[in-house]
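Trainee: What follows is target-v7.txt; its format and atoms are compact mmCIF, C-alpha atoms.
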```txt
# COMPACT_ATOMS: atom_id res chain seq x y z
CA MET D 1 43.02 18.29 -7.03
CA ALA D 2 40.25 20.68 -6.05
CA THR D 3 42.02 23.86 -7.11
CA GLU D 4 43.73 22.39 -10.12
CA PRO D 5 41.48 23.44 -13.03
CA ILE D 6 41.78 27.08 -12.09
CA SER D 7 45.58 27.09 -12.13
CA GLU D 8 46.78 29.65 -14.66
CA GLU D 9 47.45 27.28 -17.56
CA VAL D 10 43.88 25.85 -17.74
CA VAL D 11 41.81 28.92 -16.94
CA GLY D 12 39.26 29.34 -19.70
CA SER D 13 39.88 25.88 -21.05
CA CYS D 14 38.81 22.69 -19.30
CA VAL D 15 39.39 20.39 -22.26
CA ASP D 16 42.77 19.58 -23.77
CA SER D 17 43.65 19.43 -27.46
CA HIS D 18 42.55 15.76 -27.64
CA GLY D 19 39.07 16.53 -26.33
CA SER D 20 39.77 14.96 -22.95
CA ALA D 21 38.93 16.53 -19.64
CA ILE D 22 41.62 18.36 -17.75
CA GLY D 23 41.17 17.55 -14.08
CA MET D 24 37.57 17.38 -12.90
CA PRO D 25 35.02 18.82 -15.32
CA GLN D 26 32.92 19.39 -12.21
CA LEU D 27 35.30 22.17 -11.22
CA CYS D 28 35.35 23.94 -14.57
CA PHE D 29 33.85 27.26 -13.54
CA ASP D 30 33.52 28.36 -17.18
CA TRP D 31 30.54 26.03 -17.46
CA PHE D 32 28.83 27.01 -14.20
CA PRO D 33 26.64 29.85 -15.55
CA ASN D 34 25.32 27.60 -18.31
CA GLN D 35 24.56 24.70 -15.96
CA ILE D 36 22.98 26.90 -13.32
CA PHE D 37 20.85 28.74 -15.89
CA TRP D 38 19.41 25.54 -17.36
CA LEU D 39 19.03 23.99 -13.91
CA VAL D 40 16.94 26.92 -12.69
CA ILE D 41 14.71 26.70 -15.77
CA THR D 42 14.34 22.94 -15.26
CA LEU D 43 13.46 23.28 -11.60
CA VAL D 44 10.91 26.00 -12.29
CA VAL D 45 9.27 23.88 -15.01
CA ILE D 46 9.21 20.78 -12.81
CA PHE D 47 7.83 22.80 -9.88
CA LEU D 48 5.06 24.29 -12.02
CA VAL D 49 4.15 20.92 -13.53
CA LEU D 50 4.08 19.24 -10.12
CA SER D 51 2.26 21.95 -8.17
CA ARG D 52 -0.27 22.80 -10.89
CA VAL D 53 -1.01 19.42 -12.47
CA ALA D 54 0.61 16.30 -11.08
CA LEU D 55 0.33 16.63 -7.31
CA PRO D 56 -3.31 17.88 -7.14
CA ARG D 57 -4.29 15.13 -9.56
CA ILE D 58 -2.57 12.36 -7.58
CA ALA D 59 -4.01 13.75 -4.35
CA ALA D 60 -7.48 13.68 -5.93
CA ILE D 61 -6.98 10.10 -7.14
CA LEU D 62 -5.85 8.95 -3.69
CA ALA D 63 -8.75 10.75 -1.98
CA GLU D 64 -11.21 9.31 -4.47
CA ARG D 65 -9.86 5.81 -3.92
CA GLN D 66 -10.09 6.26 -0.15
CA GLY D 67 -13.70 7.41 -0.59
CA THR D 68 -14.53 4.47 -2.83
CA ILE D 69 -13.03 2.01 -0.37
CA THR D 70 -14.95 3.57 2.53
CA ASN D 71 -18.20 3.49 0.53
CA ASP D 72 -17.65 -0.10 -0.52
CA LEU D 73 -16.98 -1.13 3.06
CA ALA D 74 -20.18 0.61 4.18
CA ALA D 75 -22.15 -1.06 1.38
CA ALA D 76 -20.70 -4.44 2.35
CA GLU D 77 -21.70 -3.78 5.96
CA ASP D 78 -25.25 -2.94 4.79
CA LEU D 79 -25.50 -6.06 2.65
CA LYS D 80 -24.25 -8.19 5.52
CA ALA D 81 -26.90 -6.74 7.84
CA LYS D 82 -29.53 -7.43 5.18
CA ALA D 83 -28.36 -11.02 4.82
CA VAL D 84 -28.55 -11.53 8.59
CA GLU D 85 -32.06 -10.03 8.56
CA ALA D 86 -33.15 -12.30 5.72
CA GLU D 87 -31.78 -15.33 7.54
CA GLU D 88 -33.70 -14.35 10.66
CA ALA D 89 -36.90 -13.92 8.64
CA TYR D 90 -36.37 -17.31 7.03
CA ASN D 91 -35.77 -18.99 10.39
CA LYS D 92 -38.87 -17.32 11.81
CA ALA D 93 -40.99 -18.46 8.85
CA LEU D 94 -39.63 -21.97 9.22
CA ALA D 95 -40.44 -22.05 12.94
CA ASP D 96 -43.95 -20.69 12.27
CA ALA D 97 -44.58 -23.31 9.60
CA ARG D 98 -43.40 -26.04 11.92
CA ALA D 99 -45.66 -24.84 14.73
CA GLU D 100 -48.63 -24.65 12.31
CA ALA D 101 -47.96 -28.16 11.06
CA GLN D 102 -47.84 -29.47 14.61
CA ARG D 103 -51.08 -27.67 15.46
CA ILE D 104 -52.85 -29.16 12.42
CA ALA D 105 -51.54 -32.62 13.21
CA ALA D 106 -52.70 -32.34 16.83
CA GLU D 107 -56.15 -31.15 15.74
CA ALA D 108 -56.51 -33.97 13.26
CA ARG D 109 -55.42 -36.45 15.88
CA ALA D 110 -57.93 -35.07 18.41
CA GLU D 111 -60.77 -35.23 15.84
CA ILE D 112 -59.93 -38.79 14.91
CA GLN D 113 -59.73 -39.69 18.61
CA ALA D 114 -63.18 -38.17 19.22
CA ASP D 115 -64.69 -40.08 16.26
CA LEU D 116 -63.07 -43.23 17.45
CA ASP D 117 -64.35 -42.76 21.00
CA ASP D 118 -67.87 -42.13 19.65
CA ALA D 119 -67.76 -45.24 17.51
CA ILE D 120 -66.45 -47.35 20.40
CA ALA D 121 -69.17 -46.04 22.73
CA LYS D 122 -71.88 -46.77 20.14
CA ALA D 123 -70.52 -50.25 19.53
CA ASP D 124 -70.39 -50.91 23.30
CA ALA D 125 -74.00 -49.80 23.63
CA GLU D 126 -75.11 -52.01 20.79
CA ILE D 127 -73.23 -54.96 22.21
CA ALA D 128 -74.77 -54.34 25.63
CA ALA D 129 -78.28 -54.16 24.06
CA LYS D 130 -77.68 -57.36 22.09
CA ALA D 131 -76.36 -59.14 25.22
CA ALA D 132 -79.41 -58.06 27.23
CA GLU D 133 -81.75 -59.31 24.50
CA SER D 134 -79.95 -62.62 24.33
CA GLU D 135 -80.11 -63.03 28.12
CA LYS D 136 -83.81 -62.36 28.01
CA ALA D 137 -84.26 -64.96 25.26
CA ILE D 138 -82.16 -67.45 27.23
CA ALA D 139 -84.24 -66.81 30.35
CA GLU D 140 -87.44 -67.32 28.39
CA ILE D 141 -86.10 -70.52 26.88
CA ARG D 142 -84.98 -71.67 30.33
CA ALA D 143 -88.44 -70.93 31.81
CA GLY D 144 -90.11 -72.70 28.90
CA ALA D 145 -87.84 -75.66 29.44
CA LEU D 146 -88.67 -75.87 33.18
CA GLU D 147 -92.38 -75.88 32.46
CA SER D 148 -91.95 -78.54 29.85
CA ILE D 149 -89.87 -80.59 32.31
CA GLN D 150 -92.66 -80.33 34.93
CA VAL D 151 -95.29 -81.40 32.43
CA VAL D 152 -93.13 -84.24 31.18
CA ALA D 153 -92.17 -85.25 34.74
CA LYS D 154 -95.81 -85.29 35.86
CA ASP D 155 -96.81 -87.32 32.78
CA VAL D 156 -93.93 -89.72 33.27
CA ALA D 157 -94.66 -90.02 36.99
CA ALA D 158 -98.37 -90.74 36.27
CA GLU D 159 -97.46 -93.34 33.69
CA LEU D 160 -94.93 -94.91 36.10
CA VAL D 161 -97.50 -95.08 38.88
CA THR D 162 -100.06 -96.62 36.51
CA ALA D 163 -97.59 -99.10 35.16
CA LEU D 164 -96.62 -100.15 38.70
CA GLY D 165 -100.28 -100.88 39.31
CA GLY D 166 -101.11 -97.90 41.36
CA LYS D 167 -103.75 -95.42 40.96
CA ALA D 168 -102.52 -92.20 39.72
CA ASP D 169 -103.71 -89.23 41.71
CA ALA D 170 -103.06 -86.28 39.56
CA ASP D 171 -102.74 -83.73 42.39
CA ALA D 172 -100.43 -85.91 44.49
CA ILE D 173 -98.18 -86.54 41.58
CA ALA D 174 -98.04 -82.88 40.69
CA GLY D 175 -97.12 -81.97 44.26
CA ALA D 176 -94.44 -84.66 44.46
CA VAL D 177 -92.88 -83.60 41.19
CA GLU D 178 -92.82 -79.99 42.25
CA ALA D 179 -91.24 -80.94 45.56
CA GLN D 180 -88.61 -82.98 43.78
CA LEU D 181 -87.87 -80.22 41.29
CA LYS D 182 -87.36 -77.67 44.03
CA GLY D 183 -84.90 -80.12 45.47
CA MET X 1 50.31 19.55 -17.01
CA ALA X 2 52.35 16.56 -15.90
CA SER X 3 53.55 17.41 -12.40
CA GLU X 4 50.36 18.59 -10.67
CA THR X 5 47.92 16.20 -12.29
CA THR X 6 45.95 13.54 -10.48
CA ALA X 7 46.25 9.80 -10.96
CA ALA X 8 43.37 9.56 -13.41
CA HIS X 9 44.51 12.65 -15.15
CA GLY X 10 48.03 11.29 -15.36
CA ALA X 11 46.75 8.08 -16.90
CA ALA X 12 44.92 10.10 -19.50
CA GLY X 13 48.03 12.13 -20.20
CA ALA X 14 50.18 9.04 -20.49
CA GLU X 15 47.65 7.56 -22.89
CA HIS X 16 47.89 10.62 -25.06
CA ALA X 17 51.63 10.31 -25.10
CA ALA X 18 51.38 6.75 -26.37
CA GLU X 19 48.34 6.91 -28.64
CA GLY X 20 47.27 3.48 -29.84
CA SER X 21 48.19 1.51 -26.75
CA SER X 22 45.44 -0.83 -25.56
CA LEU X 23 44.73 0.73 -22.15
CA VAL X 24 42.64 3.89 -22.49
CA PHE X 25 41.38 5.70 -19.40
CA HIS X 26 39.21 8.76 -19.76
CA PRO X 27 37.01 8.38 -16.70
CA MET X 28 36.20 12.07 -16.45
CA ASP X 29 35.46 12.73 -20.11
CA GLN X 30 31.83 11.70 -19.61
CA PHE X 31 31.33 14.81 -17.48
CA ILE X 32 32.46 17.31 -20.13
CA VAL X 33 29.87 19.92 -21.03
CA LYS X 34 29.55 20.31 -24.81
CA PRO X 35 27.46 22.65 -26.93
CA LEU X 36 24.63 20.73 -28.58
CA PHE X 37 24.82 22.43 -31.97
CA GLY X 38 28.58 22.77 -32.40
CA GLY X 39 30.77 25.77 -31.62
CA ASP X 40 33.41 26.15 -28.96
CA THR X 41 32.08 28.79 -26.61
CA ILE X 42 29.71 27.91 -23.82
CA ALA X 43 27.81 31.01 -22.80
CA TRP X 44 25.18 30.92 -20.05
CA TYR X 45 22.37 30.51 -22.59
CA THR X 46 24.07 27.98 -24.95
CA PRO X 47 22.02 24.77 -25.32
CA THR X 48 24.42 22.03 -24.18
CA ASN X 49 24.26 18.35 -23.32
CA VAL X 50 23.33 19.58 -19.82
CA THR X 51 20.27 21.24 -21.34
CA LEU X 52 19.39 18.08 -23.26
CA TRP X 53 19.51 15.78 -20.25
CA LEU X 54 17.74 18.26 -17.98
CA PHE X 55 15.06 18.38 -20.68
CA PHE X 56 14.87 14.56 -20.67
CA ALA X 57 14.48 14.70 -16.88
CA VAL X 58 11.54 17.06 -17.28
CA LEU X 59 10.01 14.76 -19.92
CA ALA X 60 10.49 11.72 -17.68
CA ILE X 61 8.84 13.46 -14.74
CA ILE X 62 5.92 14.59 -16.90
CA GLY X 63 5.57 11.05 -18.24
CA LEU X 64 5.76 9.49 -14.81
CA LEU X 65 3.57 11.85 -12.80
CA VAL X 66 1.28 13.47 -15.36
CA LEU X 67 0.72 11.12 -18.31
CA SER X 68 0.55 7.98 -16.17
CA THR X 69 -2.17 9.50 -14.01
CA SER X 70 -4.20 10.93 -16.91
CA LYS X 71 -6.82 8.20 -16.67
CA ARG X 72 -7.29 8.83 -12.91
CA ALA X 73 -8.01 5.13 -12.50
CA ILE X 74 -9.39 3.92 -9.18
CA VAL X 75 -7.54 0.66 -9.83
CA PRO X 76 -4.15 2.02 -10.91
CA THR X 77 -2.03 0.87 -13.82
CA ARG X 78 1.62 0.07 -13.12
CA MET X 79 2.87 3.52 -14.03
CA GLN X 80 0.13 5.19 -12.02
CA SER X 81 1.11 3.00 -9.06
CA ILE X 82 4.68 4.25 -9.32
CA ALA X 83 3.46 7.86 -9.38
CA GLU X 84 1.25 7.22 -6.35
CA LEU X 85 4.07 5.43 -4.51
CA ALA X 86 6.46 8.33 -5.14
CA TYR X 87 3.82 10.78 -3.93
CA GLY X 88 3.04 8.76 -0.81
CA PHE X 89 6.72 8.12 -0.08
CA ILE X 90 7.74 11.80 -0.03
CA TYR X 91 4.48 12.99 1.55
CA LYS X 92 4.82 10.55 4.43
CA MET X 93 8.51 11.37 4.88
CA LEU X 94 7.76 15.09 5.09
CA GLU X 95 4.81 14.57 7.44
CA ASP X 96 6.74 12.22 9.72
CA ILE X 97 9.70 14.57 10.06
CA CYS X 98 8.15 18.05 9.94
CA GLY X 99 4.63 17.36 11.15
CA LYS X 100 1.46 18.91 9.73
CA GLU X 101 3.07 22.36 9.24
CA GLY X 102 5.61 20.83 6.87
CA VAL X 103 2.99 19.57 4.45
CA LYS X 104 2.58 22.92 2.69
CA TYR X 105 6.22 22.70 1.52
CA PHE X 106 5.46 19.34 -0.11
CA PRO X 107 5.59 20.61 -3.75
CA TYR X 108 9.11 22.01 -3.17
CA VAL X 109 10.41 18.83 -1.56
CA MET X 110 8.73 16.70 -4.23
CA THR X 111 10.31 18.84 -6.97
CA LEU X 112 13.76 18.29 -5.45
CA PHE X 113 13.26 14.54 -5.04
CA MET X 114 11.75 13.94 -8.48
CA PHE X 115 14.46 16.00 -10.18
CA ILE X 116 17.34 14.25 -8.41
CA VAL X 117 15.97 10.74 -8.72
CA THR X 118 15.14 11.07 -12.44
CA ALA X 119 18.44 12.80 -13.22
CA ASN X 120 20.32 10.05 -11.36
CA PHE X 121 18.52 7.27 -13.21
CA LEU X 122 18.83 8.99 -16.60
CA GLY X 123 22.56 9.24 -15.86
CA LEU X 124 22.70 5.45 -15.66
CA ILE X 125 21.78 5.14 -19.35
CA PRO X 126 25.05 4.37 -21.17
CA THR X 127 26.56 7.40 -22.97
CA SER X 128 24.14 9.73 -21.20
CA PHE X 129 25.18 12.86 -19.35
CA THR X 130 24.67 12.83 -15.59
CA THR X 131 23.58 16.30 -14.55
CA THR X 132 23.59 15.51 -10.82
CA SER X 133 27.27 14.58 -10.95
CA HIS X 134 28.11 18.28 -11.31
CA PHE X 135 28.66 20.60 -8.39
CA ALA X 136 27.20 23.32 -10.58
CA VAL X 137 23.88 21.49 -10.23
CA THR X 138 24.04 20.19 -6.66
CA ILE X 139 25.46 23.36 -5.07
CA PRO X 140 22.53 25.53 -6.24
CA LEU X 141 20.14 22.83 -5.01
CA ALA X 142 21.80 22.68 -1.60
CA LEU X 143 22.13 26.47 -1.39
CA ALA X 144 18.47 26.88 -2.27
CA VAL X 145 17.56 24.53 0.57
CA PHE X 146 19.98 26.28 2.95
CA LEU X 147 18.78 29.80 2.16
CA THR X 148 15.10 28.82 2.19
CA VAL X 149 15.46 27.08 5.53
CA THR X 150 17.42 29.97 7.08
CA VAL X 151 15.01 32.65 5.86
CA LEU X 152 12.02 30.52 6.84
CA GLY X 153 13.50 29.93 10.29
CA PHE X 154 13.85 33.66 10.99
CA VAL X 155 10.45 34.50 9.46
CA LYS X 156 8.66 31.83 11.50
CA ASN X 157 10.53 32.19 14.79
CA GLY X 158 12.23 35.59 14.67
CA ALA X 159 15.28 35.68 16.91
CA GLY X 160 13.99 32.48 18.49
CA PHE X 161 15.52 30.64 15.55
CA LEU X 162 18.93 31.27 17.17
CA SER X 163 17.91 28.89 19.97
CA LEU X 164 18.80 26.20 17.44
CA PHE X 165 22.43 26.96 18.35
CA TRP X 166 21.86 27.28 22.09
CA VAL X 167 21.64 23.72 23.41
CA SER X 168 19.49 24.26 26.50
CA SER X 169 19.81 20.65 27.63
CA ALA X 170 23.61 20.95 28.03
CA PRO X 171 25.36 22.36 31.15
CA LEU X 172 25.57 26.13 31.07
CA ALA X 173 29.38 26.22 30.88
CA LEU X 174 29.36 24.04 27.77
CA ARG X 175 26.70 25.96 25.89
CA PRO X 176 28.91 28.68 24.32
CA ILE X 177 31.29 26.03 23.01
CA LEU X 178 28.43 23.95 21.71
CA ALA X 179 26.94 27.06 20.11
CA ILE X 180 30.13 27.57 18.11
CA ILE X 181 30.14 23.91 17.03
CA GLU X 182 26.45 24.08 16.11
CA LEU X 183 27.04 27.27 14.14
CA ILE X 184 29.90 25.71 12.19
CA SER X 185 27.92 22.56 11.52
CA TYR X 186 25.01 24.70 10.36
CA PHE X 187 27.12 26.47 7.76
CA VAL X 188 28.78 23.24 6.65
CA ARG X 189 25.35 21.80 5.82
CA PRO X 190 25.09 23.09 2.22
CA VAL X 191 28.64 21.91 1.51
CA SER X 192 28.08 18.34 2.71
CA HIS X 193 24.58 18.34 1.28
CA SER X 194 25.79 19.13 -2.25
CA ILE X 195 29.12 17.30 -2.30
CA ARG X 196 27.55 14.08 -0.96
CA LEU X 197 25.22 13.85 -3.94
CA ALA X 198 27.61 14.92 -6.70
CA GLY X 199 30.52 12.99 -5.17
CA ASN X 200 28.63 9.70 -4.93
CA VAL X 201 27.23 9.90 -8.44
CA MET X 202 30.50 11.06 -9.99
CA ALA X 203 32.64 8.46 -8.22
CA GLY X 204 30.41 5.57 -9.32
CA HIS X 205 30.35 6.70 -12.94
CA ALA X 206 34.11 7.28 -12.99
CA VAL X 207 34.79 3.83 -11.51
CA ILE X 208 32.60 2.20 -14.17
CA LYS X 209 34.59 4.06 -16.85
CA VAL X 210 37.90 2.88 -15.34
CA PHE X 211 36.66 -0.74 -15.39
CA ALA X 212 35.51 -0.21 -18.98
CA GLY X 213 39.06 0.91 -19.85
CA PHE X 214 40.42 -2.40 -18.55
CA ALA X 215 37.99 -4.30 -20.82
CA ALA X 216 40.29 -3.50 -23.76
CA VAL X 217 42.77 -6.10 -22.48
CA ALA X 218 41.43 -9.51 -23.57
CA VAL X 219 42.69 -11.39 -20.50
CA ILE X 220 41.08 -9.06 -18.01
CA SER X 221 37.94 -8.24 -19.96
CA PRO X 222 35.63 -10.93 -18.46
CA VAL X 223 36.55 -9.74 -14.98
CA SER X 224 36.11 -6.19 -16.14
CA VAL X 225 32.64 -6.85 -17.57
CA LEU X 226 31.61 -8.59 -14.33
CA ALA X 227 32.96 -5.67 -12.33
CA ILE X 228 31.05 -3.20 -14.50
CA THR X 229 27.86 -5.22 -13.99
CA ALA X 230 28.31 -5.30 -10.23
CA MET X 231 29.20 -1.62 -10.14
CA TYR X 232 26.17 -0.79 -12.25
CA GLY X 233 23.93 -2.63 -9.78
CA LEU X 234 25.48 -0.67 -6.97
CA GLU X 235 24.98 2.56 -8.91
CA VAL X 236 21.27 1.80 -9.33
CA LEU X 237 21.06 1.64 -5.55
CA VAL X 238 23.16 4.76 -5.15
CA ALA X 239 21.00 6.65 -7.64
CA PHE X 240 17.94 6.11 -5.49
CA ILE X 241 19.60 6.29 -2.08
CA GLN X 242 21.33 9.60 -2.79
CA ALA X 243 18.07 11.16 -3.95
CA TYR X 244 16.44 9.79 -0.80
CA VAL X 245 19.25 11.10 1.42
CA PHE X 246 19.15 14.54 -0.17
CA THR X 247 15.38 14.72 0.32
CA ILE X 248 15.34 13.43 3.89
CA LEU X 249 18.09 15.90 4.87
CA THR X 250 16.02 18.66 3.30
CA CYS X 251 13.12 17.56 5.49
CA VAL X 252 15.33 17.52 8.59
CA TYR X 253 16.64 21.04 7.85
CA LEU X 254 13.08 22.18 7.25
CA LYS X 255 12.10 20.75 10.61
CA ASP X 256 14.86 22.83 12.25
CA ALA X 257 13.37 25.95 10.68
CA LEU X 258 9.83 25.08 11.81
CA HIS X 259 10.73 23.84 15.31
CA PRO X 260 14.20 25.18 16.22
CA HIS X 261 14.00 24.23 19.91
CA HIS X 262 15.97 21.17 20.87
```
Using structure tokens, write down the structure that the file contains.

Mentor:
Amino acid sequence: MATEPISEEVVGSCVDSHGSAIGMPQLCFDWFPNQIFWLVITLVVIFLVLSRVALPRIAAILAERQGTITNDLAAAEDLKAKAVEAEEAYNKALADARAEAQRIAAEARAEIQADLDDAIAKADAEIAAKAAESEKAIAEIRAGALESIQVVAKDVAAELVTALGGKADADAIAGAVEAQLKG
Amino acid sequence: MASETTAAHGAAGAEHAAEGSSLVFHPMDQFIVKPLFGGDTIAWYTPTNVTLWLFFAVLAIIGLLVLSTSKRAIVPTRMQSIAELAYGFIYKMLEDICGKEGVKYFPYVMTLFMFIVTANFLGLIPTSFTTTSHFAVTIPLALAVFLTVTVLGFVKNGAGFLSLFWVSSAPLALRPILAIIELISYFVRPVSHSIRLAGNVMAGHAVIKVFAGFAAVAVISPVSVLAITAMYGLEVLVAFIQAYVFTILTCVYLKDALHPHH
């Protein structure tokens, strides 16, 4: 089959009278110069287009994209670090505020405690003073009462002696009453 | 023309003999080169359907790689993504295989890949002309790779490039024999490199045309349409895979030129 189209009857003609191919059109050497000529032109044009325009441009696009991705990743890293920093600052502020609040509360409590202690001490003192005064008054009253009892006892004793027909000796009665009261 | 014709050819001939019968097979007619503006002669400069579809390939590549990236968006549009994927795909392939020194040949490898892959996909448009199905296109491509790699190998390594054929890891007695085998395989490279691409693309397109011929018979036509659909899906894969294979082999050959030592 391979050598067929160049057998003597088809040399110079690869198409029969009906317009159909004789053998393989691929092996029609009459057409080779034409095909090779246009192929070379095509390849040169494609090569020029690719090497001058298309390939540098695509390379630039890919490099630019790589750069953009790298930059974006770096920016994301930065932002993440900033976020962590901000969170730390927030936590620190929160802890500070808490400590401050506790300090103020403790101070207030201590102040109130001091006031309270003062007031209690003052009240205790007053109570003690009042109690002492009262005791004094009670003692006075008790002393007064004893004297009154002696007077009354002496009077009663004198009256009793008189009523029983005796003669009331004031001094003897007074001494007897005193002796009785001392018990 | 009857006795020495091929099966497909014979079918076409038989069809001509009985014009009007329902089965029509012209699987190879889609590969005929025709002048664009009439006339019978095809000189080397004549604008033909080859010219037209090569021109479309150039337009497609400009649209895909230049226009789609014109906005230089950081967040790419769909078309820009495709351009970037194609760039990254070939760049990584070249770097993986050839190392850092290979990167400066990236525009050449990218040109080859973009041309083959767009030409293959344009060829899948119904009624289009598939430029990469022609040996006249793939042989110059493969020869260009072969000559570049050979010249580059000698320029970079001098006579040291010949160590590519001297397998130093093999026993000494075997090395001359291996050298001959390596030498043959080296010179077969452009042949396999070009025929693999054109053969795959041509065979798929021809098979689709044969199935399409069967569609004329009402009983078989549903099967035929299904077969065409399946074949078309396969051809979409082939269109990409063959471009990929051609490019990766180019990278491997380039690696041999840059580092010829086994």

Trainee: Please report the interatomic distance between atom CA of Leu36 of chain X and atom CA of His205 of chain X in Å with one decimal.

Mentor: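 Separation of atom CA of Leu36 of chain X and atom CA of His205 of chain X: 21.8 Å.
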
Trainee: Have a look at atom CA of Ala57 of chain X and atom CA of Phe240 of chain X and let me know their distance in Å, one decimal.

Mentor: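 Spanning atom CA of Ala57 of chain X to atom CA of Phe240 of chain X is a straight-line distance of 14.7 Å.
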
Trainee: Would you mind reading off the distance between atom CA of Ile220 of chain X and atom CA of His26 of chain X, one decimal, in Å?

Mentor: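 Computing the Euclidean distance for atom CA of Ile220 of chain X and atom CA of His26 of chain X yields 18.0 Å.
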
Trainee: Pull the closest atom pair for each residue of chain X that gets at most 6 Å from chain D, along with the distance in Å to one decimal, counting only C-alpha atoms, ordering rows by chain and then ascending residue number, as JSON lines.

Mentor:
```
{"residue": "X:Asp29", "atom": "CA", "partner": "D:Ala21", "partner_atom": "CA", "distance": 5.2}
{"residue": "X:Phe31", "atom": "CA", "partner": "D:Pro25", "partner_atom": "CA", "distance": 5.9}
{"residue": "X:Ile32", "atom": "CA", "partner": "D:Pro25", "partner_atom": "CA", "distance": 5.7}
{"residue": "X:Trp44", "atom": "CA", "partner": "D:Asn34", "partner_atom": "CA", "distance": 3.8}
{"residue": "X:Tyr45", "atom": "CA", "partner": "D:Asn34", "partner_atom": "CA", "distance": 6.0}
{"residue": "X:Thr51", "atom": "CA", "partner": "D:Trp38", "partner_atom": "CA", "distance": 5.9}
{"residue": "X:Leu65", "atom": "CA", "partner": "D:Ala54", "partner_atom": "CA", "distance": 5.6}
{"residue": "X:Val66", "atom": "CA", "partner": "D:Ala54", "partner_atom": "CA", "distance": 5.2}
{"residue": "X:Arg72", "atom": "CA", "partner": "D:Ile61", "partner_atom": "CA", "distance": 5.9}
{"residue": "X:Ile74", "atom": "CA", "partner": "D:Arg65", "partner_atom": "CA", "distance": 5.6}
{"residue": "X:Pro107", "atom": "CA", "partner": "D:Ser51", "partner_atom": "CA", "distance": 5.7}
{"residue": "X:Thr111", "atom": "CA", "partner": "D:Phe47", "partner_atom": "CA", "distance": 5.5}
{"residue": "X:His134", "atom": "CA", "partner": "D:Gln26", "partner_atom": "CA", "distance": 5.0}
{"residue": "X:Phe135", "atom": "CA", "partner": "D:Gln26", "partner_atom": "CA", "distance": 5.8}
{"residue": "X:Ala136", "atom": "CA", "partner": "D:Phe32", "partner_atom": "CA", "distance": 5.4}
```

Trainee: Would you mind listing what lies within 12 Å of Leu226 of chain X as a list in words, with all atoms listed in the file counted and same-chain residues fewer than 6 positions away left out?

Mentor: Ile208, Phe211, Ala212, Phe214, Ala215, Ile220, Tyr232 and Gly233 of chain X

Trainee: Name all residues at most 12 Å from Phe187 of chain X (count all atoms listed in the file; drop same-chain ones fewer than 4 positions away) and give them as a list in words.

Mentor: Ala142, Leu143, Phe146, Leu147, Val149, Thr150, Phe165, Ile180, Ile181, Glu182, Leu183, Val191, Ser192, His193 and Tyr253 of chain X

Trainee: Counting only C-alpha atoms, what is within 9 Å of Cys98 of chain X, bar same-chain residues fewer than 4 positions away, as number ranges by chain?

Mentor: X: 93-94, 102-103, 251-252, 254-256, 258-259

Trainee: Got a sec: who's within 8 Å of Gly160 of chain X, counting all atoms listed in the file, leaving out chain neighbours fewer than 4 positions off, as a list in words?

Mentor: Phe154, Leu164 and Pro260 of chain X

Trainee: Of the candidates X:Leu52, X:Leu23, X:Leu64, X:Ile116, which one gets nearest to Thr138 of chain X if we count all atoms listed in the file?

Mentor: X:Ile116

Trainee: For segment 56-74 of chain X, I'd like the enclosing box, axis-aligned and padded by 3 Å on every side, reported as JSON with centre and edge lengths in Å to one decimal.

Mentor:
```
{"center_x": 2.7, "center_y": 10.5, "center_z": -14.9, "size_x": 30.3, "size_y": 19.1, "size_z": 17.5}
```

Trainee: Between X:Val201, X:Phe113, X:Val24, X:Ala73, which residue has the minimum interatomic distance to Ile90 of chain X, considering all atoms listed in the file?

Mentor: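 For Ile90 of chain X, the nearest of the candidates is X:Phe113.
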
Trainee: Which one is closest to Val236 of chain X: X:Ile195, X:Val117, X:Val223, X:Val33? Count all atoms listed in the file.

Mentor: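 Of X:Ile195, X:Val117, X:Val223, X:Val33, the one nearest Val236 of chain X, counting all atoms listed in the file, is X:Val117.
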